[in-house]
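Heads up, upload26.txt below (compact mmCIF, C-alpha atoms):
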# COMPACT_ATOMS: atom_id res chain seq x y z
CA MET A 12 26.50 -2.17 -28.96
CA ASP A 13 28.12 -5.54 -29.87
CA ILE A 14 25.78 -6.64 -32.61
CA LYS A 15 26.65 -5.21 -36.00
CA ARG A 16 24.06 -4.40 -38.58
CA ARG A 17 25.68 -6.92 -40.91
CA ASN A 18 25.37 -9.77 -38.37
CA PHE A 19 21.79 -8.81 -37.49
CA LEU A 20 20.78 -9.01 -41.13
CA LYS A 21 22.45 -12.42 -41.50
CA VAL A 22 20.57 -13.83 -38.50
CA ALA A 23 17.28 -12.31 -39.64
CA GLY A 24 17.70 -13.80 -43.13
CA ILE A 25 18.48 -17.27 -41.85
CA SER A 26 15.54 -17.15 -39.42
CA THR A 27 13.17 -16.19 -42.23
CA LEU A 28 14.40 -19.06 -44.38
CA ALA A 29 14.07 -21.52 -41.50
CA GLY A 30 10.58 -20.23 -40.77
CA LEU A 31 9.41 -20.68 -44.34
CA GLY A 32 10.96 -24.14 -44.62
CA GLY A 33 9.55 -25.11 -41.24
CA THR A 34 5.93 -24.30 -42.22
CA ALA A 35 6.30 -26.36 -45.37
CA VAL A 36 7.47 -29.34 -43.30
CA VAL A 37 4.66 -28.90 -40.77
CA ASP A 38 2.11 -28.58 -43.58
CA ARG A 39 3.31 -31.77 -45.13
CA LEU A 40 3.15 -33.63 -41.78
CA VAL A 41 -0.40 -32.42 -41.15
CA ALA A 42 -1.46 -33.47 -44.64
CA GLY A 43 0.07 -36.91 -44.03
CA ALA A 44 -1.84 -37.33 -40.78
CA GLY A 45 -5.08 -36.41 -42.55
CA VAL A 46 -4.51 -39.11 -45.14
CA ALA A 47 -3.79 -41.65 -42.40
CA GLU A 48 -7.03 -40.77 -40.59
CA ALA A 49 -9.09 -41.06 -43.75
CA ALA A 50 -7.53 -44.45 -44.45
CA ALA A 51 -8.48 -45.67 -40.95
CA GLY A 52 -12.14 -45.41 -41.91
CA GLY A 53 -13.24 -42.17 -40.31
CA GLY A 54 -13.74 -42.08 -36.57
CA HIS A 55 -17.21 -42.08 -35.09
CA GLY A 56 -19.47 -43.15 -37.94
CA ALA A 57 -19.72 -46.91 -38.40
CA GLN A 58 -18.88 -48.50 -41.68
CA GLN A 59 -21.96 -49.24 -43.71
CA ALA A 60 -23.34 -52.74 -43.40
CA SER A 61 -24.37 -52.75 -47.04
CA ALA A 62 -20.79 -53.79 -47.78
CA GLY A 63 -20.84 -56.94 -45.62
CA ALA A 64 -22.17 -60.44 -46.20
CA VAL A 65 -25.21 -59.89 -43.99
CA ARG A 66 -27.49 -56.91 -43.66
CA TYR A 67 -30.73 -57.69 -41.89
CA GLY A 68 -33.88 -55.98 -43.02
CA MET A 69 -37.64 -56.23 -42.84
CA VAL A 70 -40.53 -55.82 -45.24
CA ILE A 71 -43.84 -54.67 -43.80
CA ASP A 72 -46.97 -55.32 -45.83
CA VAL A 73 -49.16 -52.39 -44.83
CA LYS A 74 -52.24 -53.76 -46.58
CA LYS A 75 -52.29 -56.85 -44.36
CA PHE A 76 -52.23 -54.66 -41.27
CA TYR A 77 -55.08 -52.57 -42.69
CA ASP A 78 -57.13 -55.68 -43.42
CA ASP A 79 -56.61 -57.29 -40.02
CA PRO A 80 -56.57 -54.74 -37.20
CA GLY A 81 -55.64 -57.44 -34.67
CA LEU A 82 -52.36 -58.19 -36.42
CA GLY A 83 -50.57 -55.09 -35.18
CA ASP A 84 -51.59 -55.74 -31.60
CA LYS A 85 -50.27 -59.27 -31.87
CA ALA A 86 -46.85 -58.09 -33.05
CA ILE A 87 -46.65 -55.33 -30.44
CA LYS A 88 -47.71 -57.63 -27.64
CA ALA A 89 -45.16 -60.30 -28.60
CA CYS A 90 -42.35 -57.73 -28.76
CA HIS A 91 -43.19 -55.82 -25.61
CA GLN A 92 -43.82 -58.96 -23.60
CA PHE A 93 -40.57 -60.60 -24.68
CA HIS A 94 -38.43 -57.53 -24.04
CA ASN A 95 -40.01 -56.46 -20.75
CA VAL A 96 -41.16 -53.13 -22.15
CA PRO A 97 -42.96 -51.23 -19.38
CA GLN A 98 -46.53 -49.94 -19.80
CA PHE A 99 -46.65 -46.52 -18.19
CA PRO A 100 -50.11 -45.11 -17.56
CA ASP A 101 -48.97 -41.58 -18.47
CA LYS A 102 -48.47 -41.04 -22.21
CA ARG A 103 -45.48 -38.76 -21.55
CA ASP A 104 -43.52 -41.66 -20.08
CA GLU A 105 -44.42 -44.06 -22.87
CA ILE A 106 -41.81 -46.61 -24.01
CA LYS A 107 -42.26 -47.92 -27.54
CA TRP A 108 -40.30 -50.51 -29.50
CA ILE A 109 -42.89 -51.15 -32.20
CA TRP A 110 -46.16 -49.28 -32.43
CA MET A 111 -49.10 -48.43 -34.69
CA THR A 112 -49.52 -45.08 -36.37
CA HIS A 113 -51.34 -43.43 -39.26
CA PHE A 114 -49.88 -43.30 -42.74
CA GLU A 115 -49.36 -39.54 -42.66
CA ASN A 116 -47.20 -39.83 -39.53
CA ALA A 117 -45.14 -42.68 -40.88
CA PHE A 118 -44.61 -41.08 -44.29
CA PRO A 119 -44.59 -37.30 -43.78
CA GLU A 120 -42.77 -36.87 -47.08
CA ALA A 121 -45.91 -37.94 -48.93
CA PRO A 122 -48.30 -35.16 -47.94
CA ASN A 123 -51.74 -35.57 -49.39
CA HIS A 124 -54.86 -33.81 -48.18
CA TYR A 125 -57.02 -36.34 -49.97
CA GLN A 126 -55.79 -39.63 -48.53
CA ASP A 127 -57.86 -42.69 -49.29
CA GLU A 128 -60.04 -43.93 -46.49
CA ALA A 129 -57.81 -46.83 -45.48
CA ASN A 130 -54.82 -44.56 -45.00
CA GLN A 131 -56.91 -42.07 -43.04
CA LYS A 132 -58.56 -44.52 -40.69
CA LYS A 133 -56.27 -47.50 -40.34
CA GLN A 134 -52.87 -47.85 -38.78
CA LEU A 135 -49.60 -49.45 -39.76
CA PRO A 136 -46.72 -50.60 -37.56
CA ILE A 137 -43.48 -48.64 -37.29
CA LEU A 138 -40.28 -49.50 -35.48
CA CYS A 139 -36.59 -48.65 -35.52
CA ASN A 140 -35.42 -48.59 -39.14
CA HIS A 141 -31.95 -49.97 -38.39
CA CYS A 142 -30.54 -47.47 -40.86
CA ASP A 143 -27.50 -48.18 -42.93
CA ASN A 144 -26.38 -44.63 -42.18
CA PRO A 145 -27.64 -44.26 -38.60
CA PRO A 146 -27.63 -40.73 -37.18
CA CYS A 147 -28.14 -42.03 -33.64
CA VAL A 148 -24.87 -43.98 -33.73
CA ARG A 149 -22.98 -40.86 -34.78
CA ALA A 150 -24.61 -38.80 -32.05
CA CYS A 151 -23.96 -41.20 -29.16
CA PRO A 152 -20.98 -39.97 -27.13
CA THR A 153 -20.33 -43.30 -25.39
CA LYS A 154 -21.01 -45.68 -28.27
CA ALA A 155 -23.84 -47.13 -26.23
CA THR A 156 -25.76 -47.39 -29.47
CA PHE A 157 -23.75 -49.02 -32.17
CA ARG A 158 -24.00 -51.10 -35.27
CA TYR A 159 -23.37 -54.82 -35.44
CA GLU A 160 -21.62 -56.08 -38.56
CA ASP A 161 -24.94 -57.53 -39.69
CA GLY A 162 -26.49 -54.05 -39.82
CA ILE A 163 -28.56 -54.24 -36.64
CA ILE A 164 -28.39 -51.07 -34.54
CA GLY A 165 -27.97 -52.32 -30.99
CA MET A 166 -28.18 -50.69 -27.58
CA ASP A 167 -25.71 -51.34 -24.79
CA TYR A 168 -27.57 -50.16 -21.70
CA HIS A 169 -24.44 -50.66 -19.62
CA ARG A 170 -22.91 -47.70 -21.42
CA CYS A 171 -25.92 -45.44 -21.86
CA ILE A 172 -25.57 -42.24 -19.84
CA GLY A 173 -29.04 -40.98 -20.68
CA CYS A 174 -27.94 -37.85 -22.55
CA ARG A 175 -30.68 -38.42 -25.16
CA PHE A 176 -28.55 -37.11 -28.05
CA CYS A 177 -29.65 -40.20 -29.99
CA MET A 178 -33.29 -39.27 -29.48
CA ALA A 179 -32.61 -35.85 -30.91
CA ALA A 180 -30.68 -37.40 -33.79
CA CYS A 181 -33.21 -40.05 -34.76
CA PRO A 182 -35.61 -38.59 -37.34
CA TYR A 183 -38.14 -41.39 -36.81
CA GLY A 184 -38.78 -41.01 -33.08
CA SER A 185 -37.84 -44.64 -32.62
CA ARG A 186 -36.24 -44.12 -29.23
CA SER A 187 -37.81 -43.78 -25.81
CA PHE A 188 -36.31 -42.56 -22.58
CA ASN A 189 -36.93 -44.17 -19.21
CA TRP A 190 -38.00 -41.15 -17.20
CA ARG A 191 -39.11 -43.38 -14.35
CA GLU A 192 -38.02 -46.68 -12.88
CA PRO A 193 -39.58 -49.11 -15.38
CA ARG A 194 -39.58 -52.30 -13.28
CA PRO A 195 -42.90 -51.80 -11.44
CA PHE A 196 -44.66 -51.12 -14.76
CA ILE A 197 -43.72 -54.30 -16.55
CA VAL A 198 -46.77 -56.50 -16.86
CA ASP A 199 -46.11 -60.21 -17.27
CA ILE A 200 -42.35 -60.15 -16.77
CA ASN A 201 -40.09 -62.33 -18.94
CA GLN A 202 -37.45 -63.86 -16.69
CA ASP A 203 -35.14 -64.66 -19.61
CA TYR A 204 -34.56 -61.09 -20.79
CA PRO A 205 -33.25 -58.15 -18.75
CA ALA A 206 -35.31 -55.08 -17.94
CA ARG A 207 -33.92 -51.55 -18.08
CA THR A 208 -33.23 -48.97 -15.43
CA ARG A 209 -34.27 -45.36 -15.02
CA GLY A 210 -32.23 -42.95 -17.14
CA VAL A 211 -31.44 -45.04 -20.21
CA VAL A 212 -32.77 -44.80 -23.74
CA GLU A 213 -34.27 -47.90 -25.30
CA LYS A 214 -35.58 -48.96 -28.69
CA CYS A 215 -36.24 -51.94 -30.94
CA ASN A 216 -33.12 -54.07 -31.29
CA PHE A 217 -34.43 -56.18 -34.21
CA CYS A 218 -34.41 -59.02 -31.64
CA VAL A 219 -30.64 -59.24 -32.01
CA GLU A 220 -30.55 -61.84 -29.21
CA LEU A 221 -32.78 -64.13 -31.30
CA VAL A 222 -31.56 -63.25 -34.79
CA GLN A 223 -27.92 -63.86 -33.98
CA ILE A 224 -28.69 -67.39 -32.81
CA GLY A 225 -30.65 -68.14 -35.97
CA LYS A 226 -34.21 -67.37 -34.87
CA LEU A 227 -36.70 -64.84 -36.20
CA PRO A 228 -37.65 -61.61 -34.40
CA ALA A 229 -40.55 -61.91 -31.95
CA CYS A 230 -42.89 -59.66 -33.98
CA VAL A 231 -42.23 -61.60 -37.20
CA GLU A 232 -42.82 -64.87 -35.38
CA ALA A 233 -46.08 -63.56 -33.88
CA VAL A 234 -47.61 -62.78 -37.29
CA ALA A 235 -45.83 -65.56 -39.15
CA ASP A 236 -48.91 -67.14 -40.76
CA SER A 237 -50.02 -63.84 -42.32
CA LYS A 238 -46.57 -63.06 -43.83
CA ALA A 239 -47.28 -59.42 -43.02
CA LEU A 240 -43.75 -59.03 -41.66
CA VAL A 241 -40.86 -60.65 -43.51
CA PHE A 242 -37.37 -60.61 -42.07
CA GLY A 243 -34.16 -61.60 -43.82
CA ASN A 244 -30.75 -60.84 -45.24
CA LEU A 245 -30.83 -57.92 -47.69
CA ASN A 246 -27.36 -58.76 -48.98
CA ASP A 247 -28.35 -62.26 -50.09
CA PRO A 248 -29.94 -61.99 -53.56
CA ASN A 249 -31.75 -65.31 -53.06
CA SER A 250 -33.36 -64.53 -49.71
CA GLU A 251 -37.12 -64.34 -49.33
CA ILE A 252 -36.97 -60.66 -48.49
CA ARG A 253 -35.05 -59.88 -51.69
CA GLN A 254 -37.59 -61.81 -53.75
CA ILE A 255 -40.38 -59.71 -52.25
CA LEU A 256 -38.43 -56.50 -52.84
CA LYS A 257 -37.95 -57.55 -56.44
CA GLU A 258 -41.66 -58.22 -57.00
CA LYS A 259 -43.35 -55.46 -55.03
CA TYR A 260 -43.09 -51.69 -54.97
CA THR A 261 -41.77 -50.67 -51.55
CA ARG A 262 -41.22 -47.37 -49.80
CA LEU A 263 -38.75 -46.20 -47.19
CA ARG A 264 -39.61 -43.74 -44.47
CA ASN A 265 -38.19 -40.27 -45.15
CA PRO A 266 -35.71 -41.37 -47.82
CA SER A 267 -34.55 -37.80 -48.47
CA LEU A 268 -32.72 -37.80 -45.12
CA GLY A 269 -30.21 -40.27 -46.48
CA THR A 270 -30.40 -42.59 -43.48
CA LEU A 271 -30.94 -45.64 -45.73
CA PRO A 272 -33.47 -47.57 -43.59
CA SER A 273 -33.47 -51.37 -43.58
CA VAL A 274 -37.24 -51.52 -43.05
CA PHE A 275 -39.31 -51.43 -46.24
CA TYR A 276 -43.04 -50.82 -46.59
CA ILE A 277 -45.29 -52.32 -49.23
CA VAL A 278 -47.87 -49.54 -49.48
CA MET B 27 12.46 -31.57 24.91
CA TYR B 28 10.35 -28.67 26.09
CA ASP B 29 6.80 -29.46 27.19
CA SER B 30 7.30 -33.22 26.92
CA GLY B 31 4.70 -33.64 29.65
CA LYS B 32 2.08 -32.29 27.27
CA ILE B 33 3.42 -33.55 23.94
CA ILE B 34 3.78 -37.24 24.82
CA PRO B 35 0.26 -37.68 26.33
CA GLY B 36 -1.03 -35.63 23.42
CA LEU B 37 0.59 -37.99 20.92
CA ILE B 38 -0.80 -41.02 22.75
CA VAL B 39 -4.29 -39.56 22.70
CA PHE B 40 -3.89 -38.73 18.99
CA VAL B 41 -2.74 -42.27 18.06
CA LEU B 42 -5.56 -43.83 20.09
CA PHE B 43 -8.02 -41.49 18.40
CA ILE B 44 -7.02 -42.25 14.83
CA THR B 45 -6.92 -45.99 15.49
CA ILE B 46 -10.50 -46.00 16.81
CA PRO B 47 -11.76 -48.19 13.92
CA ILE B 48 -9.15 -50.85 14.74
CA TRP B 49 -9.60 -51.24 18.49
CA TYR B 50 -13.30 -50.40 18.58
CA ASN B 51 -14.15 -53.25 16.14
CA ARG B 52 -11.57 -55.63 17.64
CA GLY B 53 -12.75 -59.21 17.75
CA SER B 54 -15.97 -58.55 15.88
CA ALA B 55 -14.73 -59.38 12.35
CA GLY B 56 -17.72 -61.64 11.96
CA ALA B 57 -17.88 -65.11 10.53
CA PRO B 58 -17.27 -65.43 6.79
CA PRO B 59 -20.58 -65.53 4.93
CA LYS B 60 -22.28 -68.85 4.35
CA ILE B 61 -23.67 -69.29 0.87
CA GLU B 62 -26.03 -71.91 -0.41
CA LEU B 63 -24.60 -73.90 -3.31
CA PRO B 64 -26.90 -75.45 -5.88
CA LYS B 65 -27.82 -78.98 -4.96
CA ASP B 66 -28.14 -80.62 -8.36
CA ALA B 67 -25.31 -78.91 -10.31
CA LYS B 68 -21.82 -80.23 -9.64
CA THR B 69 -19.72 -78.20 -12.10
CA CYS B 70 -19.44 -74.50 -12.69
CA VAL B 71 -18.16 -72.78 -15.83
CA LEU B 72 -14.81 -72.34 -14.05
CA PRO B 73 -13.17 -74.12 -11.07
CA ALA B 74 -14.50 -72.88 -7.73
CA ALA B 75 -11.45 -70.85 -6.70
CA GLU B 76 -11.26 -69.16 -10.07
CA ILE B 77 -14.94 -68.32 -10.37
CA ARG B 78 -14.92 -66.99 -6.80
CA ALA B 79 -12.07 -64.61 -7.60
CA LYS B 80 -12.89 -63.73 -11.18
CA HIS B 81 -16.64 -63.99 -11.77
CA MET B 82 -16.95 -60.24 -12.21
CA GLN B 83 -14.30 -60.16 -14.93
CA LEU B 84 -15.86 -63.19 -16.61
CA LEU B 85 -19.26 -61.50 -16.64
CA ASN B 86 -17.75 -58.39 -18.20
CA VAL B 87 -15.99 -60.47 -20.86
CA TRP B 88 -19.23 -62.33 -21.63
CA ARG B 89 -21.13 -59.06 -21.82
CA ASP B 90 -18.67 -57.56 -24.30
CA GLU B 91 -18.48 -60.69 -26.44
CA VAL B 92 -22.22 -61.25 -26.60
CA LEU B 93 -23.62 -57.76 -26.64
CA ARG B 94 -20.98 -55.79 -28.50
CA ASP B 95 -19.25 -58.33 -30.73
CA GLY B 96 -22.27 -60.55 -31.35
CA GLN B 97 -20.33 -63.71 -30.44
CA ARG B 98 -23.27 -65.60 -29.05
CA ALA B 99 -21.96 -69.16 -29.48
CA ASN B 100 -22.56 -71.29 -26.39
CA ILE B 101 -19.73 -72.54 -24.22
CA GLU B 102 -19.54 -76.29 -23.76
CA ILE B 103 -18.70 -77.91 -20.44
CA GLU B 104 -18.73 -81.69 -20.10
CA GLY B 105 -20.89 -82.02 -23.15
CA LYS B 106 -23.51 -79.53 -22.00
CA GLN B 107 -24.12 -76.22 -23.74
CA TYR B 108 -24.33 -72.99 -21.79
CA PRO B 109 -25.10 -69.54 -23.19
CA LYS B 110 -22.77 -66.77 -22.06
CA SER B 111 -25.32 -65.14 -19.83
CA LEU B 112 -25.81 -64.17 -16.22
CA MET B 113 -29.56 -64.72 -16.32
CA LEU B 114 -29.60 -67.76 -18.62
CA THR B 115 -26.62 -69.65 -17.21
CA CYS B 116 -25.48 -68.54 -13.74
CA MET B 117 -28.91 -67.94 -12.25
CA LYS B 118 -30.36 -71.15 -13.68
CA CYS B 119 -28.20 -73.17 -11.24
CA HIS B 120 -27.83 -70.56 -8.53
CA THR B 121 -31.54 -70.07 -8.24
CA SER B 122 -31.42 -67.81 -5.22
CA LYS B 123 -29.79 -64.40 -5.35
CA LYS B 124 -30.55 -63.91 -1.65
CA GLN B 125 -28.80 -67.12 -0.62
CA PHE B 126 -25.95 -67.14 -3.11
CA CYS B 127 -25.00 -63.62 -4.31
CA ASP B 128 -26.00 -61.31 -1.50
CA PRO B 129 -24.20 -62.80 1.55
CA CYS B 130 -20.70 -62.31 0.08
CA HIS B 131 -21.51 -58.99 -1.54
CA THR B 132 -22.86 -57.67 1.74
CA TYR B 133 -19.84 -59.02 3.65
CA ALA B 134 -17.42 -57.42 1.18
CA ALA B 135 -19.52 -54.23 1.07
CA VAL B 136 -19.75 -54.26 -2.72
CA LYS B 137 -22.90 -53.17 -4.48
CA PRO B 138 -22.94 -54.60 -7.99
CA TYR B 139 -25.51 -52.79 -10.13
CA CYS B 140 -26.25 -55.85 -12.28
CA TRP B 141 -29.67 -56.19 -10.68
CA GLU B 142 -30.87 -52.73 -11.59
CA CYS B 143 -31.70 -54.22 -14.99
CA HIS B 144 -31.02 -57.96 -14.85
CA LEU B 145 -33.70 -60.00 -13.19
CA ALA B 146 -32.96 -62.25 -10.26
CA PRO B 147 -34.86 -65.55 -10.22
CA VAL B 148 -38.23 -65.41 -8.50
CA GLU B 149 -37.93 -66.73 -4.95

As structure tokens, please, write out the structure in this file.
Amino acid sequence: MDIKRRNFLKVAGISTLAGLGGTAVVDRLVAGAGVAEAAAGGGHGAQQASAGAVRYGMVIDVKKFYDDPGLGDKAIKACHQFHNVPQFPDKRDEIKWIWMTHFENAFPEAPNHYQDEANQKKQLPILCNHCDNPPCVRACPTKATFRYEDGIIGMDYHRCIGCRFCMAACPYGSRSFNWREPRPFIVDINQDYPARTRGVVEKCNFCVELVQIGKLPACVEAVADSKALVFGNLNDPNSEIRQILKEKYTRLRNPSLGTLPSVFYIV
Amino acid sequence: MYDSGKIIPGLIVFVLFITIPIWYNRGSAGAPPKIELPKDAKTCVLPAAEIRAKHMQLLNVWRDEVLRDGQRANIEIEGKQYPKSLMLTCMKCHTSKKQFCDPCHTYAAVKPYCWECHLAPVE
């Protein structure tokens, strides 16, 4: 045996010391990397638009939609016609960007067995909330749905792989999946806006293609004279939408979820 | 060489066999496709040679700038404004997909999937 007990103990001691020191170094490196990652702004979730100069939002005056049942149809028709939204005969295939629903469906956090008659019978419009903390954007594995710096949650159909994680993530049901080829079901096609293909998810895009060139969304434009829908910059304290928010009591849909919607309802 | 009487004819047959695509299609390369250029527009967003070689990259760049970065400012050529858009710029001059896009794409055996969503002008 060439190794003496004395030498063995020396080697064992040094190895133990090196091991202990080594873990400390590794720990420190790992901690450093964690700090660096946190500083980079945290991976998949987008930075909140509430910090920027522009955050687009909408105020919906429910009362005006209750008073004039034709108003909702006008807004829906303008939106769906402009964006080539298909009209499938089967309800299971339905594609919706903006649609009418009852109060209890739009605001399930306000349960009330004794709703007033207007809330029971009449319908209000709902659409994508363009949340400041959007769960769909976090869920999307390809970043096909993403947030513009102005707070609009956009869809890039080129990237959508149809996994429908965003549909599971969205608590408002604002997203629809193209189960079938939509092209044959588009009535009155708009040649200036693309259609979609089978296997992608679509939703309201706050008319990003109009808003970003200084126009108003199609639905807002369609009901412009009633002022039932008001669109504007939430981060500008002098904008029309902020004046309305200052004067009127507004509600968000499902505020307890912490999604921070950009669509406000005057109820 | 042993069995050269079998090996050499065998090799010849093998070479002829694997070059079937070359000699079978000999002389039938086909005329280059003829495309119909727009009659009233004289300038494109890029010089002809460049747009011919790089239109697919340009469309991808436009797509990323407009859709993802929100840079929707028009491009200006000879005082005229053009949006960065396949449907709103390219296809407004090249009004026929069948006469302009398809001949080359068919000839080059490429199948761009633009048209699964984007709408070609009505012909």

Inset, instruction - Select residues of chain B: the criterion is any atom within 12 Å of an atom of chain A, counting all atoms listed in the file; output as a ChimeraX atom specification. - result: /B:86,89-100,109-118,139-148

Inset, instruction - Kindly give the distance, in Å, that separates atom CA of A:Ser273 and atom CA of A:Phe114, rounded to a single decimal. - result: 18.3 Å

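Taking atom CA of A:Ser250 as the reference point, atom CA of A:Val70 is found at 12.1 Å.
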
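Counting from atom CA of A:Phe188, the distance to atom CA of A:Gln92 is 18.1 Å.
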
Inset, instruction - Determine, counting only C-alpha atoms, which protein, DNA and RNA residues have an atom within 8 Å of an atom of A:Arg262; residues of the same chain fewer than 3 positions away are not included. Present the result as a PyMOL selection string. - result: chain A and resi 275-278

Legend entry - Nearest-residue call for B:Ser122, choices B:Val39, B:Ala79, B:Leu63, B:Tyr108, using only C-alpha atoms: B:Leu63

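If all atoms listed in the file are the atoms counted, then among A:Val37, A:Ile71, A:Ala179, A:Ile163 the closest residue to A:Leu256 is A:Ile71.
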
Legend entry - Polymer residues at most 12 Å from (-41.1, -43.8, -30.9) by all atoms listed in the file, as a ChimeraX atom specification: /A:102-112,116-117,136-140,178-179,181-188,212-215

Can you tell me, as JSON, the centre and edge lengths (Å, one decimal) of the axis-aligned box enclosing all of stretch 215-223 of chain A's listed atoms after padding each side by 3 Å?
{"center_x": -32.1, "center_y": -58.0, "center_z": -32.0, "size_x": 14.3, "size_y": 18.2, "size_z": 11.6}

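When all atoms listed in the file are used to measure the gap to A:Leu271, the shortest distance among A:Cys174, A:Ile164, A:Val36, A:Cys142 belongs to A:Cys142.
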
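When the distance limit is 9 Å and all atoms listed in the file are what count, the residues near A:Leu240, minus those fewer than 4 positions from it on the same chain, are Met69, Val70, Ile71, Asp72, Cys230, Val231, Glu232, Val234 and Ala235 of chain A.
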
Can those selected residues be exported to a file as an mmCIF file, in the coordinates of the input so that it contains C-alpha atoms?
data_model
loop_
_atom_site.group_PDB
_atom_site.id
_atom_site.type_symbol
_atom_site.label_atom_id
_atom_site.label_comp_id
_atom_site.auth_asym_id
_atom_site.auth_seq_id
_atom_site.Cartn_x
_atom_site.Cartn_y
_atom_site.Cartn_z
ATOM 1 C CA MET A 69 -37.640 -56.230 -42.840
ATOM 2 C CA VAL A 70 -40.530 -55.820 -45.240
ATOM 3 C CA ILE A 71 -43.840 -54.670 -43.800
ATOM 4 C CA ASP A 72 -46.970 -55.320 -45.830
ATOM 5 C CA CYS A 230 -42.890 -59.660 -33.980
ATOM 6 C CA VAL A 231 -42.230 -61.600 -37.200
ATOM 7 C CA GLU A 232 -42.820 -64.870 -35.380
ATOM 8 C CA VAL A 234 -47.610 -62.780 -37.290
ATOM 9 C CA ALA A 235 -45.830 -65.560 -39.150
#

Legend entry - Selection near A:Thr270, 7 Å with only C-alpha atoms, sequence-local residues under 6 positions removed, as a list of chain:residue names: A:Cys142, A:Asp143, A:Asn144, A:Pro145
